[in-house]
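Chemist: Got a structure here, written out as structure tokens. Questions coming.
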Amino acid sequence: MIQQGGAPGSGSARPAAPRGDFPLQTGADHLIRLESITKIYGSGDAAVVALDDFSLDVEAGELLAVMGPSGSGKSTLMNILGCLDTPTSGRYWFGGEDVSRLNETQLAHVRNRRIGFVFQQFQLLPRLSAWRNVELPLLYRGEHDRRALALHALDQVGLSNRVDHRPTQLSGGQQQRVAIARALVTDPDLILADEPTGNLDSVASRDVLAILRDLNQQGRTIVIITHDPEVAPVAQRTVVMRDGRLVHGVAA
Ligand SMILES: Nc1ncnc2c1ncn2[C@@H]1O[C@H](COP(=O)(O)OP(=O)(O)O)[C@@H](O)[C@H]1O
Ligand SMILES: [Mg+2]
């Protein structure tokens, strides 16, 4: 069960995370602020610097594409942005809260409450209908109007006529739309998409990107981590990574 309120188990007097407003501590209207983030895997001779003094701001309402070759640190960045991992050093502010030093329970709380994930492989449960997949994040919270919220999210991705279909009865593009609805249903502050078009043909890719763009135009903050050059045209901003750093002025 997800715990309500402050920081369980830490023993510190840290205030509960504010939601929807941006306290003075960051002094900016950024949803995300990464300050000199370094992530080192392993130690000694085996140490790998996956993120190297990496700084990035993402404003609320932005659609950002993060590109870069294999090994450049994209997945490491995704894990930190998604509160799935913590940096070795540096600070990560999310919605005005310093989340770079949270323990696993606290990270899970931020993740479940505030971030919606979309993955390359869709990650739908095959035995469940579309709407049952979409309601899953709500089950963990004990939400009441789960079916209505799930149907609304499916409507937002244009799948009102497929709510009782199982994943195997849907095309790849439709499955990814169900996954986007599942990410949306909790009304998260951020949608974080990892190669969302990586398993789709070009028609389905365009379809999924159009949905992400529409959601962004309705005010949703979205970060897409991708190899796909088709993503850049729908993004307001594209950044390119190489060797754990941002490369400026390099076309994707
Ligand atoms: N768990 C890990 N242990 C050791 N090295 C890792 C680990 N994860 C990633 N790396 C290394 O960190 C660098 C960045 O990897 P990654 O973030 O997966 O890049 P990308 O997603 O852009 O391919 C690579 O050199 C990779 O080999
Ligand atoms: Mg990767």
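Every chain in the structure tokens has a letter given in the order shown (A, B, ...), and although residue numbers restart at 1 in each chain, ligands are simply numbered from 1 in the order shown.
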So which residues are near ligand 1, meaning at most 10 Å away with only C-alpha atoms and all ligand atoms counted, given back as JSON, numbers by chain?

Modeler: {"A": [39, 40, 41, 42, 43, 46, 47, 48, 49, 50, 51, 66, 67, 68, 69, 70, 71, 72, 73, 74, 75, 76, 77, 78, 79, 194, 225, 226, 227, 241, 242, 243, 244]}

Chemist: Go ahead and save the residues from that selection, with C-alpha atoms, as an mmCIF file, in the first residue's frame.

Modeler:
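out_10.cif was written with the following content:
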```cif
data_model
loop_
_atom_site.group_PDB
_atom_site.id
_atom_site.type_symbol
_atom_site.label_atom_id
_atom_site.label_comp_id
_atom_site.auth_asym_id
_atom_site.auth_seq_id
_atom_site.Cartn_x
_atom_site.Cartn_y
_atom_site.Cartn_z
ATOM 1 C CA LYS A 39 26.085 8.675 -12.204
ATOM 2 C CA ILE A 40 28.918 6.199 -11.806
ATOM 3 C CA TYR A 41 28.332 2.463 -12.051
ATOM 4 C CA GLY A 42 30.855 0.174 -10.370
ATOM 5 C CA SER A 43 34.090 1.356 -8.792
ATOM 6 C CA ALA A 46 35.570 -0.992 -13.508
ATOM 7 C CA ALA A 47 33.906 2.363 -12.871
ATOM 8 C CA VAL A 48 31.736 3.676 -15.716
ATOM 9 C CA VAL A 49 30.698 7.309 -15.749
ATOM 10 C CA ALA A 50 27.250 7.069 -17.330
ATOM 11 C CA LEU A 51 26.252 10.685 -16.625
ATOM 12 C CA VAL A 66 16.311 13.343 -25.662
ATOM 13 C CA MET A 67 18.381 11.662 -28.351
ATOM 14 C CA GLY A 68 21.802 10.070 -28.501
ATOM 15 C CA PRO A 69 23.656 6.956 -29.642
ATOM 16 C CA SER A 70 23.684 3.678 -27.765
ATOM 17 C CA GLY A 71 25.750 3.937 -24.581
ATOM 18 C CA SER A 72 25.391 7.719 -24.331
ATOM 19 C CA GLY A 73 23.503 7.530 -21.040
ATOM 20 C CA LYS A 74 19.854 7.783 -22.113
ATOM 21 C CA SER A 75 18.599 4.889 -20.013
ATOM 22 C CA THR A 76 20.566 6.114 -17.027
ATOM 23 C CA LEU A 77 18.951 9.527 -17.455
ATOM 24 C CA MET A 78 15.519 7.926 -17.815
ATOM 25 C CA ASN A 79 16.020 5.956 -14.589
ATOM 26 C CA ASP A 194 11.335 5.438 -23.357
ATOM 27 C CA ILE A 225 13.895 9.351 -24.879
ATOM 28 C CA THR A 226 14.468 8.023 -28.361
ATOM 29 C CA HIS A 227 16.581 7.058 -31.348
ATOM 30 C CA MET A 241 23.535 13.181 -25.448
ATOM 31 C CA ARG A 242 26.983 11.740 -25.963
ATOM 32 C CA ASP A 243 29.241 10.076 -23.379
ATOM 33 C CA GLY A 244 26.966 11.097 -20.533
#
```

Chemist: Considering only alpha helix (DSSP H) as DSSP defines it on the backbone, what residues of stretch 44-175 of chain A qualify? List them as a ChimeraX atom specification.

Modeler: /A:74-81,104-114,130-139,146-156,172-175

Chemist: Those residues with C-alpha atoms, as an mmCIF file, in the first residue's frame please?

Modeler:
```cif
data_model
loop_
_atom_site.group_PDB
_atom_site.id
_atom_site.type_symbol
_atom_site.label_atom_id
_atom_site.label_comp_id
_atom_site.auth_asym_id
_atom_site.auth_seq_id
_atom_site.Cartn_x
_atom_site.Cartn_y
_atom_site.Cartn_z
ATOM 1 C CA LYS A 74 19.854 7.783 -22.113
ATOM 2 C CA SER A 75 18.599 4.889 -20.013
ATOM 3 C CA THR A 76 20.566 6.114 -17.027
ATOM 4 C CA LEU A 77 18.951 9.527 -17.455
ATOM 5 C CA MET A 78 15.519 7.926 -17.815
ATOM 6 C CA ASN A 79 16.020 5.956 -14.589
ATOM 7 C CA ILE A 80 16.983 9.060 -12.674
ATOM 8 C CA LEU A 81 14.234 11.241 -14.169
ATOM 9 C CA GLU A 104 13.486 3.654 -2.142
ATOM 10 C CA THR A 105 10.102 4.026 -0.430
ATOM 11 C CA GLN A 106 10.070 7.769 -0.940
ATOM 12 C CA LEU A 107 11.120 7.406 -4.576
ATOM 13 C CA ALA A 108 8.318 4.918 -5.158
ATOM 14 C CA HIS A 109 5.883 7.432 -3.758
ATOM 15 C CA VAL A 110 6.989 10.160 -6.193
ATOM 16 C CA ARG A 111 7.014 7.665 -9.049
ATOM 17 C CA ASN A 112 3.529 6.329 -8.385
ATOM 18 C CA ARG A 113 1.922 9.664 -7.698
ATOM 19 C CA ARG A 114 3.541 11.984 -10.167
ATOM 20 C CA ALA A 130 -7.735 -2.401 -22.415
ATOM 21 C CA TRP A 131 -9.663 -0.664 -19.666
ATOM 22 C CA ARG A 132 -8.541 -3.177 -17.042
ATOM 23 C CA ASN A 133 -4.934 -2.467 -18.028
ATOM 24 C CA VAL A 134 -5.542 1.259 -17.786
ATOM 25 C CA GLU A 135 -7.124 1.072 -14.344
ATOM 26 C CA LEU A 136 -4.131 -0.777 -12.844
ATOM 27 C CA PRO A 137 -2.252 2.264 -11.496
ATOM 28 C CA LEU A 138 -5.477 3.316 -9.758
ATOM 29 C CA LEU A 139 -5.887 -0.054 -8.041
ATOM 30 C CA ARG A 146 -11.616 3.503 -11.637
ATOM 31 C CA ARG A 147 -13.705 2.441 -14.599
ATOM 32 C CA ALA A 148 -14.848 5.975 -15.381
ATOM 33 C CA LEU A 149 -11.293 7.313 -15.135
ATOM 34 C CA ALA A 150 -9.944 4.486 -17.304
ATOM 35 C CA LEU A 151 -12.623 5.065 -19.946
ATOM 36 C CA HIS A 152 -11.854 8.773 -19.945
ATOM 37 C CA ALA A 153 -8.129 8.100 -20.442
ATOM 38 C CA LEU A 154 -8.904 5.677 -23.291
ATOM 39 C CA ASP A 155 -11.103 8.348 -24.845
ATOM 40 C CA GLN A 156 -8.192 10.803 -24.697
ATOM 41 C CA GLY A 172 0.911 -2.310 -31.998
ATOM 42 C CA GLY A 173 -0.068 1.327 -32.283
ATOM 43 C CA GLN A 174 -3.325 0.691 -30.409
ATOM 44 C CA GLN A 175 -1.451 -1.182 -27.686
#
```

Chemist: DSSP on the backbone, strand (DSSP E) only: what residues of stretch 113-192 of chain A does that give? Format it as a list in words.

Modeler: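 Matching residues, listed in order: Ile115, Gly116, Phe117, Val118, Leu190, Ile191 and Leu192 of chain A.
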
Chemist: Under the rule that only C-alpha atoms are counted, which of A:Ser89, A:Thr238, A:Ser55, A:Gln169 is the nearest residue to A:Leu128?

Modeler: A:Gln169

Chemist: Record the distance separating atom CA of A:Phe117 and atom CA of A:Val247, expressed in Å with one decimal.

Modeler: 25.4 Å

Chemist: Mind giving me the straight-line distance from atom CA of A:His144 to atom CA of A:Gln176 in Å, one decimal?

Modeler: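 Those two atoms sit 25.2 Å apart.
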
Chemist: Please provide as number ranges by chain all residues within 10 Å of A:Val58, with the sequence filter that same-chain residues fewer than 5 positions apart are discarded (counting only C-alpha atoms).

Modeler: A: 29-34, 63-64, 94, 221-223, 237

Chemist: Between atom CA of A:Thr38 and atom 1 (Mg, counted along the ligand's line) of ligand 2, what is the distance in Å, rounded to a tenth?

Modeler: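 Separation of atom CA of A:Thr38 and atom 1 (Mg, counted along the ligand's line) of ligand 2: 16.7 Å.
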
Chemist: Using only C-alpha atoms, find the one residue out of A:Asp98, A:Asp164, A:Glu62, A:Asp187 that sits nearest to A:Gly116.

Modeler: A:Asp187

Chemist: Counting only C-alpha atoms and all ligand atoms, figure out which residue out of A:Ala179, A:Val118, A:His165, A:Glu195 gets nearest to ligand 2.

Modeler: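 Among the listed residues, A:Glu195 lies closest to ligand 2.
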